[in-house]
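Participant: Have a look at the structure that comes next, please.
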Amino acid sequence: MTKVFESPRDLIGQEGTALGPTNWLAIEQDRVNGFAEVTGDHQWIHVDVDRAKDGPFGGTIAHGYLTMSLVNFFLPDLIEVRGFTHAVNVGADRLRFLSPVKVGSRIRGVGEIVSVEEVKGAIQSVVRVTVEIEHSDKPACVVDTISRYFPES
């Protein structure tokens with residue numbers, strides 16, 4: 001269930017708030033191939049289904065950066081902030097790839113508000129997103145996302 005904040009200022013003091021989980025998302029070969037096309041990363045472990053069967057994971061795996069990019073897919077289902085004129089994605093910290101995502105598996109996002117502070121007329125939040133793999137004790141990816149919201153007057 002999405003955690004809704006009516007104003008960026010409502011984020012203040014919410015450190016430690018758990019977010020999610022999101023719905024599961026199936027990782028299919030078409031998505032991996034599309035990512036390879038747009039990034040130019042055609043390494044066989046991602047796109048050569050036949051060769052990857054004999055590889056270290058018994059099949060193709062998603063690119064780590066594909067997994068990380070899907071954090072942006074999960075964020076709107078984890079947190080919604082309202083009452084701002086505009087917002088910017090400032091970046092990310094502490095990115096770690098902990099386990100490969102095998103094609104055919106399902107992933108989801110869970111989050112936690114790590115920090116909130118006022119910065120240059122805005123409210124900046126850091127949300128740690130963990131990408132979980134169904135039936136796995138180890139997550140695929142953990143990243144701290146940084147967002148800056150400029151409140152309405």
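The chains in the structure tokens are called A, B, ... from first to last as shown; in each chain the residues are counted from 1, and the ligands are counted from 1 in the order shown.
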Identify all residues of chain A in alpha helix (DSSP H) (DSSP on the backbone) and supply them as a PyMOL selection string.
Facilitator: chain A and resi 29-39+44-47+49-52+64-69+71-78
Participant: Can you tell me which residues surround segment 23-37 of chain A at a distance of at most 6 Å, considering only C-alpha atoms, apart from same-chain residues fewer than 4 positions away, and format the answer as number ranges by chain?
Facilitator: A: 41-42, 62, 103-108
Participant: Hey, which bits of segment 85-106 of chain A sit within 12 Å of segment 116-121 of chain A, and for each residue what's the closest pair of atoms and how far apart in Å (one decimal), counting only C-alpha atoms, rows by chain and increasing number, as a Markdown table?
Facilitator:
| residue | atom | partner | partner_atom | distance |
| --- | --- | --- | --- | --- |
| A:Thr85 | CA | A:Gly121 | CA | 11.6 |
| A:His86 | CA | A:Gly121 | CA | 11.7 |
| A:Ala87 | CA | A:Gly121 | CA | 11.7 |
| A:Val90 | CA | A:Val119 | CA | 11.6 |
Participant: I need the residues from that last selection saved to file as a tab-separated table (two decimals), in the first residue's frame (with N, CA and C atoms), if you can.
Facilitator:
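Result saved to again-v4.tsv:
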chain	number	residue	atom	x	y	z
A	85	THR	N	5.35	22.16	-5.88
A	85	THR	CA	5.32	22.79	-7.20
A	85	THR	C	6.11	21.96	-8.20
A	86	HIS	N	7.23	21.41	-7.76
A	86	HIS	CA	8.01	20.50	-8.58
A	86	HIS	C	8.93	19.68	-7.68
A	87	ALA	N	9.44	18.61	-8.24
A	87	ALA	CA	10.34	17.73	-7.50
A	87	ALA	C	11.45	17.29	-8.44
A	90	VAL	N	17.50	13.74	-7.13
A	90	VAL	CA	18.85	14.23	-6.89
A	90	VAL	C	19.89	13.16	-7.19
Participant: Go through A:Val101, A:Ile123, A:Val143, A:Val88 one by one, measure the shortest atom-to-atom distance of each to His46 of chain A using only C-alpha atoms, and give the residue with the smallest value.
Facilitator: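 For His46 of chain A, the nearest of the candidates is A:Val101.
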Participant: Show me, as JSON, numbers by chain, the residues that have an atom within 12 Å of segment 11-14 of chain A when counting only C-alpha atoms, minus same-chain residues fewer than 4 positions from it.
Facilitator: {"A": [3, 4, 5, 6, 7, 18, 19, 79, 80, 81, 82, 83, 112, 113, 114, 115, 116, 117, 118, 122, 123, 124, 125, 126, 127, 147, 148, 149, 151]}
Participant: Grab the residues selected above and save them as an mmCIF file, in the first residue's frame with N, CA and C atoms.
Facilitator:
data_model
loop_
_atom_site.group_PDB
_atom_site.id
_atom_site.type_symbol
_atom_site.label_atom_id
_atom_site.label_comp_id
_atom_site.auth_asym_id
_atom_site.auth_seq_id
_atom_site.Cartn_x
_atom_site.Cartn_y
_atom_site.Cartn_z
ATOM 1 N N LYS A 3 2.244 4.785 0.813
ATOM 2 C CA LYS A 3 2.209 5.731 1.935
ATOM 3 C C LYS A 3 2.109 7.129 1.340
ATOM 4 N N VAL A 4 1.039 7.873 1.711
ATOM 5 C CA VAL A 4 0.769 9.187 1.141
ATOM 6 C C VAL A 4 1.091 10.274 2.153
ATOM 7 N N PHE A 5 1.795 11.299 1.682
ATOM 8 C CA PHE A 5 2.092 12.489 2.476
ATOM 9 C C PHE A 5 1.469 13.669 1.742
ATOM 10 N N GLU A 6 0.619 14.425 2.430
ATOM 11 C CA GLU A 6 -0.112 15.522 1.796
ATOM 12 C C GLU A 6 0.772 16.707 1.452
ATOM 13 N N SER A 7 1.922 16.805 2.088
ATOM 14 C CA SER A 7 2.864 17.895 1.851
ATOM 15 C C SER A 7 4.276 17.371 2.064
ATOM 16 N N ALA A 18 8.362 2.489 7.445
ATOM 17 C CA ALA A 18 8.429 1.408 6.459
ATOM 18 C C ALA A 18 7.477 1.703 5.313
ATOM 19 N N LEU A 19 7.877 1.328 4.111
ATOM 20 C CA LEU A 19 7.092 1.557 2.901
ATOM 21 C C LEU A 19 6.946 0.235 2.139
ATOM 22 N N ILE A 79 5.675 5.324 -2.098
ATOM 23 C CA ILE A 79 5.485 6.629 -1.464
ATOM 24 C C ILE A 79 4.915 7.623 -2.474
ATOM 25 N N GLU A 80 3.968 8.420 -1.987
ATOM 26 C CA GLU A 80 3.412 9.505 -2.792
ATOM 27 C C GLU A 80 3.461 10.771 -1.949
ATOM 28 N N VAL A 81 4.102 11.782 -2.494
ATOM 29 C CA VAL A 81 4.170 13.081 -1.827
ATOM 30 C C VAL A 81 3.361 14.054 -2.674
ATOM 31 N N ARG A 82 2.470 14.786 -2.027
ATOM 32 C CA ARG A 82 1.617 15.758 -2.702
ATOM 33 C C ARG A 82 1.989 17.157 -2.235
ATOM 34 N N GLY A 83 1.376 18.159 -2.846
ATOM 35 C CA GLY A 83 1.509 19.535 -2.372
ATOM 36 C C GLY A 83 2.866 20.157 -2.665
ATOM 37 N N GLU A 112 12.142 2.224 3.089
ATOM 38 C CA GLU A 112 12.204 2.850 4.402
ATOM 39 C C GLU A 112 12.684 4.281 4.219
ATOM 40 N N ILE A 113 12.022 5.212 4.900
ATOM 41 C CA ILE A 113 12.495 6.598 4.894
ATOM 42 C C ILE A 113 13.701 6.662 5.818
ATOM 43 N N VAL A 114 14.853 7.006 5.252
ATOM 44 C CA VAL A 114 16.108 7.010 5.998
ATOM 45 C C VAL A 114 16.377 8.381 6.615
ATOM 46 N N SER A 115 16.163 9.441 5.826
ATOM 47 C CA SER A 115 16.397 10.782 6.351
ATOM 48 C C SER A 115 15.531 11.791 5.612
ATOM 49 N N VAL A 116 15.276 12.903 6.305
ATOM 50 C CA VAL A 116 14.516 14.016 5.736
ATOM 51 C C VAL A 116 15.137 15.292 6.270
ATOM 52 N N GLU A 117 15.394 16.255 5.376
ATOM 53 C CA GLU A 117 15.958 17.531 5.812
ATOM 54 C C GLU A 117 15.520 18.644 4.873
ATOM 55 N N GLU A 118 15.556 19.864 5.390
ATOM 56 C CA GLU A 118 15.285 21.032 4.562
ATOM 57 C C GLU A 118 16.585 21.421 3.869
ATOM 58 N N ALA A 122 13.664 23.498 -0.107
ATOM 59 C CA ALA A 122 12.979 22.254 -0.445
ATOM 60 C C ALA A 122 13.087 21.273 0.719
ATOM 61 N N ILE A 123 12.322 20.218 0.621
ATOM 62 C CA ILE A 123 12.421 19.100 1.563
ATOM 63 C C ILE A 123 13.070 17.948 0.795
ATOM 64 N N GLN A 124 14.190 17.482 1.326
ATOM 65 C CA GLN A 124 14.914 16.382 0.689
ATOM 66 C C GLN A 124 14.755 15.118 1.521
ATOM 67 N N SER A 125 14.394 14.036 0.841
ATOM 68 C CA SER A 125 14.245 12.767 1.540
ATOM 69 C C SER A 125 15.158 11.724 0.915
ATOM 70 N N VAL A 126 15.619 10.827 1.760
ATOM 71 C CA VAL A 126 16.363 9.658 1.318
ATOM 72 C C VAL A 126 15.506 8.445 1.658
ATOM 73 N N VAL A 127 15.154 7.689 0.623
ATOM 74 C CA VAL A 127 14.367 6.481 0.790
ATOM 75 C C VAL A 127 15.230 5.299 0.355
ATOM 76 N N SER A 147 15.390 12.344 -3.174
ATOM 77 C CA SER A 147 14.395 13.167 -3.864
ATOM 78 C C SER A 147 14.292 14.509 -3.169
ATOM 79 N N ARG A 148 14.062 15.556 -3.944
ATOM 80 C CA ARG A 148 13.909 16.904 -3.387
ATOM 81 C C ARG A 148 12.580 17.473 -3.882
ATOM 82 N N TYR A 149 11.734 17.868 -2.902
ATOM 83 C CA TYR A 149 10.392 18.391 -3.185
ATOM 84 C C TYR A 149 10.351 19.867 -2.816
ATOM 85 N N PRO A 151 7.952 22.642 -1.857
ATOM 86 C CA PRO A 151 6.561 22.780 -1.392
ATOM 87 C C PRO A 151 5.844 23.971 -2.038
#
Participant: What is the atom CA of Val47 of chain A-atom CA of Val129 of chain A distance in Å, reported with one decimal?
Facilitator: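 So the two atoms, atom CA of Val47 of chain A and atom CA of Val129 of chain A, lie 26.4 Å apart.
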Participant: Go through A:Gly20, A:Lys102, A:Ser153, A:Phe73 and flag the residue nearest Glu134 of chain A, using only C-alpha atoms for the distances.
Facilitator: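 Selected residue with least distance to Glu134 of chain A: A:Lys102.
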Participant: Hey, can you check how far atom CA of Leu78 of chain A sits from atom CA of Pro8 of chain A?
Facilitator: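 Atom CA of Pro8 of chain A lies 15.1 Å from atom CA of Leu78 of chain A.
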